[in-house]
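File shown: work_13.tsv (TSV, C-alpha atoms and all ligand atoms).
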chain	number	residue	atom	x	y	z
S	1	MET	CA	191.75	28.44	93.37
S	2	ALA	CA	189.72	31.38	92.02
S	3	LYS	CA	186.90	33.17	93.74
S	4	HIS	CA	184.14	35.54	92.57
S	5	CYS	CA	183.86	39.24	93.27
S	6	ILE	CA	181.16	40.19	95.82
S	7	GLY	CA	180.07	43.07	93.61
S	8	CYS	CA	180.20	42.04	89.96
S	9	LYS	CA	180.52	38.22	90.41
S	10	ARG	CA	183.44	38.03	88.04
S	11	GLU	CA	186.31	35.77	88.72
S	12	ILE	CA	189.15	37.36	90.65
S	13	GLY	CA	192.31	36.06	92.27
S	14	GLN	CA	192.46	34.55	95.74
S	15	GLY	CA	193.42	37.03	98.45
S	16	GLN	CA	192.49	40.05	96.40
S	17	GLN	CA	191.30	42.89	98.76
S	18	GLU	CA	189.54	44.77	95.97
S	19	CYS	CA	188.03	43.68	92.62
S	20	TYR	CA	190.30	44.82	89.79
S	21	ILE	CA	187.29	45.24	87.51
S	22	CYS	CA	184.61	47.03	89.59
S	23	GLY	CA	186.73	48.16	92.54
S	24	SER	CA	184.45	46.62	95.16
S	25	SER	CA	185.96	45.69	98.52
S	26	GLN	CA	186.00	41.94	99.00
S	27	ASN	CA	185.49	42.40	102.79
S	28	TYR	CA	181.79	41.79	103.46
S	29	ILE	CA	181.55	44.31	106.21
S	30	ARG	CA	183.29	47.01	104.20
S	31	TYR	CA	181.32	46.11	101.08
S	32	TYR	CA	177.90	46.38	102.78
S	33	LEU	CA	178.80	49.18	105.24
S	34	LYS	CA	178.09	51.99	102.79
S	35	SER	CA	174.74	50.51	101.85
S	36	VAL	CA	173.88	49.90	105.51
S	37	ILE	CA	174.87	53.50	106.42
S	38	VAL	CA	172.91	54.88	103.49
S	39	PHE	CA	169.96	52.65	104.44
S	40	ILE	CA	170.14	53.74	108.08
S	41	LEU	CA	170.47	57.38	107.07
S	42	LEU	CA	167.50	57.04	104.76
S	43	LEU	CA	165.56	55.26	107.49
S	44	VAL	CA	166.40	57.96	110.02
S	45	ALA	CA	165.54	60.67	107.52
S	46	MET	CA	162.28	59.02	106.62
S	47	THR	CA	161.39	58.40	110.23
S	48	TRP	CA	162.21	62.02	111.05
S	49	LEU	CA	160.17	63.27	108.10
S	50	GLY	CA	157.36	60.89	108.96
S	51	TYR	CA	157.27	62.04	112.56
S	52	GLY	CA	157.38	65.60	111.45
S	53	TYR	CA	154.55	64.98	109.02
S	54	ILE	CA	152.44	63.13	111.60
S	55	ASP	CA	153.17	65.76	114.21
S	56	LYS	CA	152.15	68.43	111.76
S	57	ARG	CA	148.95	66.61	110.91
S	58	ILE	CA	148.12	66.07	114.58
S	59	ASN	CA	148.74	69.73	115.37
S	60	GLN	CA	146.70	70.72	112.35
S	61	ALA	CA	143.90	68.43	113.44
S	62	LYS	CA	144.07	69.82	116.96
S	63	ARG	CA	144.00	73.35	115.61
S	64	ASP	CA	141.12	72.46	113.29
S	65	ASN	CA	139.25	70.87	116.14
S	66	THR	CA	139.91	73.82	118.38
S	67	ILE	CA	138.80	76.26	115.71
S	68	GLN	CA	135.74	74.14	114.92
S	69	ALA	CA	134.83	73.81	118.58
S	70	GLY	CA	135.38	77.53	119.05
S	71	LEU	CA	133.16	78.32	116.08
S	72	GLU	CA	130.48	75.94	117.29
S	73	MET	CA	130.59	77.42	120.74
S	74	GLN	CA	130.40	80.90	119.29
S	75	ALA	CA	127.42	79.91	117.17
S	76	ALA	CA	125.73	78.27	120.12
S	77	THR	CA	126.36	81.32	122.31
S	78	LYS	CA	124.94	83.56	119.60
S	79	LYS	CA	121.91	81.33	119.26
S	80	ILE	CA	121.35	81.38	123.02
S	81	ARG	CA	121.59	85.16	123.04
S	82	GLU	CA	119.09	85.38	120.18
S	83	LEU	CA	116.71	83.06	121.97
S	84	GLU	CA	117.07	85.09	125.14
S	85	GLN	CA	116.26	88.25	123.20
S	86	GLN	CA	113.25	86.61	121.60
S	87	LEU	CA	112.07	85.44	125.01
S	88	GLU	CA	112.44	88.96	126.32
S	89	GLN	CA	110.45	90.33	123.38
S	90	VAL	CA	107.73	87.76	123.94
S	91	ASN	CA	107.61	88.74	127.62
S	92	VAL	CA	107.29	92.39	126.66
S	93	GLN	CA	104.52	91.52	124.20
S	94	VAL	CA	102.71	89.47	126.82
S	95	GLN	CA	102.91	92.37	129.29
S	96	GLN	CA	101.72	94.78	126.59
S	97	ALA	CA	98.84	92.45	125.73
S	98	GLU	CA	97.87	92.25	129.39
S	99	VAL	CA	97.93	96.03	129.69
S	100	ASN	CA	95.92	96.36	126.45
S	101	THR	CA	93.35	93.86	127.61
S	102	ALA	CA	92.93	95.68	130.91
S	103	GLN	CA	92.64	99.03	129.13
S	104	SER	CA	90.21	97.83	126.49
S	105	SER	CA	87.96	96.15	129.01
S	106	GLU	CA	87.96	99.34	131.02
S	107	ALA	CA	87.17	101.32	127.86
S	108	ALA	CA	84.45	98.82	126.94
S	109	ASN	CA	82.85	99.30	130.37
S	110	GLU	CA	82.92	103.07	129.93
S	111	GLU	CA	81.42	102.75	126.45
S	112	LYS	CA	78.70	100.50	127.80
S	113	LEU	CA	77.84	103.00	130.53
S	114	LYS	CA	77.75	105.82	128.00
S	115	LEU	CA	75.53	103.78	125.69
S	116	VAL	CA	73.10	103.00	128.49
S	117	GLU	CA	73.01	106.67	129.44
S	118	THR	CA	72.41	107.72	125.83
S	119	GLU	CA	69.69	105.11	125.44
S	120	LYS	CA	67.98	106.38	128.59
S	121	ARG	CA	68.11	109.94	127.30
S	122	ALA	CA	66.91	108.92	123.84
S	123	LYS	CA	64.01	106.97	125.39
S	124	LYS	CA	63.07	109.97	127.54
S	125	ALA	CA	63.23	112.29	124.55
S	126	GLY	CA	61.23	109.80	122.50
S	127	GLU	CA	58.58	109.60	125.21
S	128	ARG	CA	58.39	113.37	125.35
S	129	ALA	CA	58.14	113.64	121.56
S	130	GLY	CA	55.45	110.93	121.61
S	131	TRP	CA	53.54	112.85	124.28
S	132	LEU	CA	53.79	116.07	122.23
S	133	SER	CA	52.52	114.45	119.07
S	134	LYS	CA	49.73	112.80	121.08
S	135	GLU	CA	48.83	116.21	122.46
S	136	ASN	CA	48.91	117.62	118.96
S	137	ARG	CA	46.56	114.86	117.75
S	138	ARG	CA	44.27	115.46	120.71
S	139	PHE	CA	44.07	119.19	119.91
S	140	LYS	CA	43.35	118.48	116.26
S	141	ALA	CA	40.60	115.99	117.15
S	142	LYS	CA	39.12	118.51	119.57
S	143	ILE	CA	39.14	121.23	116.94
S	144	LYS	CA	37.49	118.93	114.42
S	145	GLU	CA	34.85	117.95	116.93
S	146	LEU	CA	34.22	121.59	117.80
S	147	THR	CA	33.97	122.53	114.13
S	148	GLU	CA	31.41	119.80	113.59
S	149	LYS	CA	29.39	120.83	116.63
S	150	LEU	CA	29.56	124.44	115.48
S	151	SER	CA	28.20	123.64	112.03
S	152	ALA	CA	25.52	121.47	113.64
S	153	ALA	CA	24.60	124.37	115.92
S	154	LYS	CA	24.43	126.72	112.92
S	155	THR	CA	22.12	124.31	111.14
S	156	VAL	CA	19.90	124.11	114.20
S	157	VAL	CA	19.84	127.88	114.46
S	158	GLN	CA	18.92	128.18	110.78
S	159	VAL	CA	16.23	125.52	111.06
S	160	ARG	CA	14.75	127.08	114.21
S	161	THR	CA	14.74	130.60	112.81
S	162	PRO	CA	10.95	130.88	112.55
S	163	GLN	CA	10.67	130.36	116.35
S	164	ALA	CA	9.83	132.91	118.98
S	165	ALA	CA	11.88	136.09	118.81
S	166	PRO	CA	13.53	136.04	122.31
S	167	THR	CA	14.71	132.45	121.80
S	168	ASN	CA	15.95	133.26	118.32
S	169	SER	CA	17.85	136.36	119.39
S	170	GLN	CA	19.29	134.43	122.36
S	171	LEU	CA	20.37	131.69	120.01
S	172	ALA	CA	21.84	134.24	117.61
S	173	SER	CA	23.83	135.83	120.40
S	174	LEU	CA	25.02	132.43	121.61
S	175	LYS	CA	25.96	131.57	118.04
S	176	GLN	CA	27.97	134.79	117.82
S	177	GLU	CA	29.65	133.96	121.11
S	178	LEU	CA	30.48	130.49	119.86
S	179	ALA	CA	31.87	131.89	116.60
S	180	SER	CA	34.01	134.35	118.56
S	181	TYR	CA	35.43	131.57	120.77
S	182	GLU	CA	36.02	129.46	117.71
S	183	SER	CA	37.87	132.25	115.96
S	184	GLN	CA	39.98	132.93	119.09
S	185	LYS	CA	40.79	129.28	119.23
S	186	GLN	CA	41.78	129.24	115.57
S	187	THR	CA	44.10	132.19	116.17
S	188	LEU	CA	45.71	130.41	119.13
S	189	VAL	CA	46.14	127.21	117.14
S	190	SER	CA	47.72	129.08	114.26
S	191	ASN	CA	49.96	130.91	116.77
S	192	ILE	CA	51.09	127.58	118.17
S	193	SER	CA	51.76	126.30	114.67
S	194	SER	CA	53.72	129.40	113.60
S	195	LYS	CA	55.79	129.32	116.81
S	196	GLN	CA	56.62	125.71	116.10
S	197	LYS	CA	57.62	126.59	112.55
S	198	GLN	CA	59.82	129.46	113.75
S	199	LEU	CA	61.53	127.22	116.29
S	200	GLU	CA	62.07	124.52	113.68
S	201	ALA	CA	63.56	127.08	111.28
S	202	SER	CA	65.96	128.38	113.96
S	203	TRP	CA	66.97	124.81	114.87
S	204	GLN	CA	67.59	124.03	111.23
S	205	GLN	CA	69.76	127.13	110.93
S	206	ALA	CA	71.67	126.33	114.12
S	207	SER	CA	72.40	122.72	113.24
S	208	GLY	CA	72.92	123.36	109.52
S	209	GLY	CA	71.14	120.16	108.63
S	210	ALA	CA	73.56	118.01	110.67
S	211	PRO	CA	72.15	114.98	112.54
S	212	VAL	CA	70.84	115.88	115.99
S	213	SER	CA	71.71	114.04	119.22
S	214	PRO	CA	68.97	112.57	121.46
S	215	ASP	CA	69.93	115.20	124.04
S	216	MET	CA	69.25	117.95	121.54
S	217	VAL	CA	65.90	116.43	120.52
S	218	ALA	CA	64.78	116.40	124.16
S	219	GLN	CA	66.00	119.95	124.64
S	220	ARG	CA	64.09	121.12	121.57
S	221	ALA	CA	60.90	119.38	122.62
S	222	GLN	CA	61.13	121.17	125.98
S	223	GLN	CA	61.76	124.48	124.22
S	224	LEU	CA	58.65	123.99	122.08
S	225	GLU	CA	56.60	123.04	125.10
S	226	GLN	CA	57.69	126.16	127.02
S	227	ALA	CA	57.12	128.45	124.02
S	228	THR	CA	53.55	127.25	123.43
S	229	ALA	CA	52.40	126.51	127.00
S	230	GLY	CA	50.46	129.81	127.33
S	231	GLU	CA	48.53	129.28	124.08
S	232	LYS	CA	47.74	125.70	124.99
S	233	ASN	CA	46.32	126.72	128.35
S	234	GLN	CA	44.17	129.36	126.65
S	235	VAL	CA	42.94	126.77	124.16
S	236	LEU	CA	41.89	124.56	127.07
S	237	LEU	CA	40.04	127.46	128.69
S	238	LEU	CA	38.29	128.24	125.38
S	239	ASP	CA	37.31	124.59	125.08
S	240	GLY	CA	35.53	124.89	128.43
S	241	GLN	CA	33.74	128.07	127.33
S	242	ILE	CA	32.74	126.53	124.00
S	243	GLU	CA	31.30	123.53	125.83
S	244	ALA	CA	29.33	125.85	128.13
S	245	VAL	CA	27.88	127.84	125.23
S	246	LYS	CA	26.95	124.64	123.43
S	247	LYS	CA	25.15	123.42	126.51
S	248	LYS	CA	23.17	126.66	126.64
S	249	ILE	CA	22.25	126.30	122.96
S	250	SER	CA	21.09	122.71	123.43
S	251	ASP	CA	19.11	123.75	126.53
S	252	ILE	CA	17.25	126.43	124.53
S	253	GLU	CA	16.63	124.00	121.71
S	254	GLY	CA	15.37	121.32	124.16
S	255	GLY	CA	13.13	123.87	125.90
S	256	SER	CA	11.59	125.17	122.66
S	257	SER	CA	10.86	121.84	121.04
S	301	ZN	ZN	184.27	42.96	90.84
Could you express the structure from this file as structure tokens?
Amino acid sequence: MAKHCIGCKREIGQGQQECYICGSSQNYIRYYLKSVIVFILLLVAMTWLGYGYIDKRINQAKRDNTIQAGLEMQAATKKIRELEQQLEQVNVQVQQAEVNTAQSSEAANEEKLKLVETEKRAKKAGERAGWLSKENRRFKAKIKELTEKLSAAKTVVQVRTPQAAPTNSQLASLKQELASYESQKQTLVSNISSKQKQLEASWQQASGGAPVSPDMVAQRAQQLEQATAGEKNQVLLLDGQIEAVKKKISDIEGGSS
């Protein structure tokens, strides 16, 4: 009875240990042992490689994670430091702003006080200047009035010429007196005016045309007042004398008519 080879399936004799064609062992265990060993070896190798690969991947992943976490932590730390610095800067700015506010309000108060002081001085100087110009107007009006009265008196004297001799000579002498006072007064007035002009010229030279402070204006007004006080007093005295002479003239005229 024939049997078939385990390896090539050809017909071989009964009891044959090996196939005479392909050389395969007809013992099942022997025949498959090589394959099983090779399979096991391959399995072991693959398992080993697989483990190695997985292990490598896990380690890699761990390393990656560690690096990533480290980087993130570093970034976060950096960010925190930056924020802390910014906070510190903001605090410094806030302190600076507080100091500035305190300083500027202090400065504003000082400025306000100065302004008030300057305004006071300017007002005072303005009042003084106003008084001076009022005085000036008053003098001018007085002079005009006197001039008119003088010319009226002259007319009267001329008209009354044909009157009695004593009255006429008295009137003539009074007229002379009046003219003398008038001329003295004119001299004083022109003195006052020339003194003012001189002072103004010297001020102009001193300041060089620059704007003048209220202080300076007040000072100048005072200077002018002091410089012309004597003349002004004399003018007032002359006014009194002129009035007296005029009264005499009108008395004579009233008595003769
Ligand atoms: Zn065979």
* Asked: Quick one: residues within 8 Å of ligand ZN 301 (chain S), with all atoms listed in the file, as a VMD selection string?
  -> chain S and resid 4 to 12 18 to 24
List every residue of segment 185-253 of chain S that has an atom at most 9 Å from any atom of segment 131-141 of chain S, and for each one report the closest atom pair and its distance in Å to one decimal, counting all atoms listed in the file, with rows sorted by chain and then by increasing residue number, as JSON lines.
{"residue": "S:Val189", "atom": "CA", "partner": "S:Phe139", "partner_atom": "CA", "distance": 8.7}
{"residue": "S:Ala221", "atom": "CA", "partner": "S:Leu132", "partner_atom": "CA", "distance": 7.9}
{"residue": "S:Glu225", "atom": "CA", "partner": "S:Leu132", "partner_atom": "CA", "distance": 8.0}
{"residue": "S:Val235", "atom": "CA", "partner": "S:Phe139", "partner_atom": "CA", "distance": 8.8}
* If you measure from atom CA of Pro214 of chain S to atom CA of Ala227 of chain S, what distance in Å do you get, rounded to one decimal? ->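 Pair atom CA of Pro214 of chain S / atom CA of Ala227 of chain S returns 20.0 Å.
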* Structure fact -> The distance between atom CA of Ser180 of chain S and atom CA of Thr147 of chain S is 12.6 Å
* **Closest of S:Ala97, S:Phe39, S:Arg220, S:Gly240 to Gln204 of chain S - atom-to-atom distances counting only C-alpha atoms** =>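 Looking only at the distances to Gln204 of chain S, the closest residue turns out to be S:Arg220.
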* Interatomic distance (Å, one decimal) between atom CA of Val217 of chain S and atom CA of Ser190 of chain S ->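 Straight-line distance from atom CA of Val217 of chain S to atom CA of Ser190 of chain S works out to 23.0 Å.
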* Structure fact -> Between S:Ala218, S:Leu238, S:Ala61, S:Ala69, smallest distance to Gln184 of chain S by all atoms listed in the file belongs to S:Leu238
* To do: Within 9 Å of Asp215 of chain S, counting all atoms listed in the file, which residues show up once you throw out same-chain ones fewer than 4 positions away? Write them as a VMD selection string, please.
  => chain S and resid 118 121 to 122 125 219 to 220
* To do: Do a neighbour search on Trp203 of chain S at 10 Å with all atoms listed in the file, toss out local chain neighbours closer than 5 positions, and write the hits as JSON, numbers by chain.
  => {"S": [197, 198, 208, 209, 212, 216, 220]}
Would you mind exporting C-alpha atoms of the selected residues as a CSV table (one decimal), keeping the file's coordinate frame?
chain,number,residue,atom,x,y,z
S,197,LYS,CA,57.6,126.6,112.6
S,198,GLN,CA,59.8,129.5,113.8
S,208,GLY,CA,72.9,123.4,109.5
S,209,GLY,CA,71.1,120.2,108.6
S,212,VAL,CA,70.8,115.9,116.0
S,216,MET,CA,69.2,118.0,121.5
S,220,ARG,CA,64.1,121.1,121.6
* **Selection near Leu236 of chain S, 10 Å with only C-alpha atoms, sequence-local residues under 5 positions removed, as a PyMOL selection string** => chain S and resi 139+185+231+241-242
For those residues, write C-alpha atoms to a file as an mmCIF file, keeping the file's coordinate frame.
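Ended up saving to result.cif:
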data_model
loop_
_atom_site.group_PDB
_atom_site.id
_atom_site.type_symbol
_atom_site.label_atom_id
_atom_site.label_comp_id
_atom_site.auth_asym_id
_atom_site.auth_seq_id
_atom_site.Cartn_x
_atom_site.Cartn_y
_atom_site.Cartn_z
ATOM 1 C CA PHE S 139 44.070 119.190 119.910
ATOM 2 C CA LYS S 185 40.790 129.280 119.230
ATOM 3 C CA GLU S 231 48.530 129.280 124.080
ATOM 4 C CA GLN S 241 33.740 128.070 127.330
ATOM 5 C CA ILE S 242 32.740 126.530 124.000
#
* Asked: Which residue gives the smallest distance to Lys149 of chain S among S:Met73, S:Lys175, S:Ser213, S:Ala129, with all atoms listed in the file counted?
  ->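 Residue with the minimum atom-to-atom distance to Lys149 of chain S: S:Lys175.
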Considering all atoms listed in the file, give me a table of residues in segment 56-152 of chain S that are at most 12 Å from segment 244-248 of chain S, with the closest atom pair and distance in Å for each, as CSV.
residue,atom,partner,partner_atom,distance
S:Leu146,CA,S:Lys246,CA,9.7
S:Thr147,CA,S:Lys246,CA,11.8
S:Glu148,CA,S:Lys246,CA,11.8
S:Lys149,CA,S:Lys246,CA,8.2
S:Leu150,CA,S:Lys246,CA,8.4
S:Ser151,CA,S:Lys246,CA,11.5
S:Ala152,CA,S:Lys246,CA,10.4
Edge lengths and centre in Å, axis-aligned, segment 37-45 of chain S plus 6 Å each side, as lines of an AutoDock Vina configuration file:
center_x = 170.2
center_y = 56.7
center_z = 106.8
size_x = 21.3
size_y = 20.0
size_z = 18.5
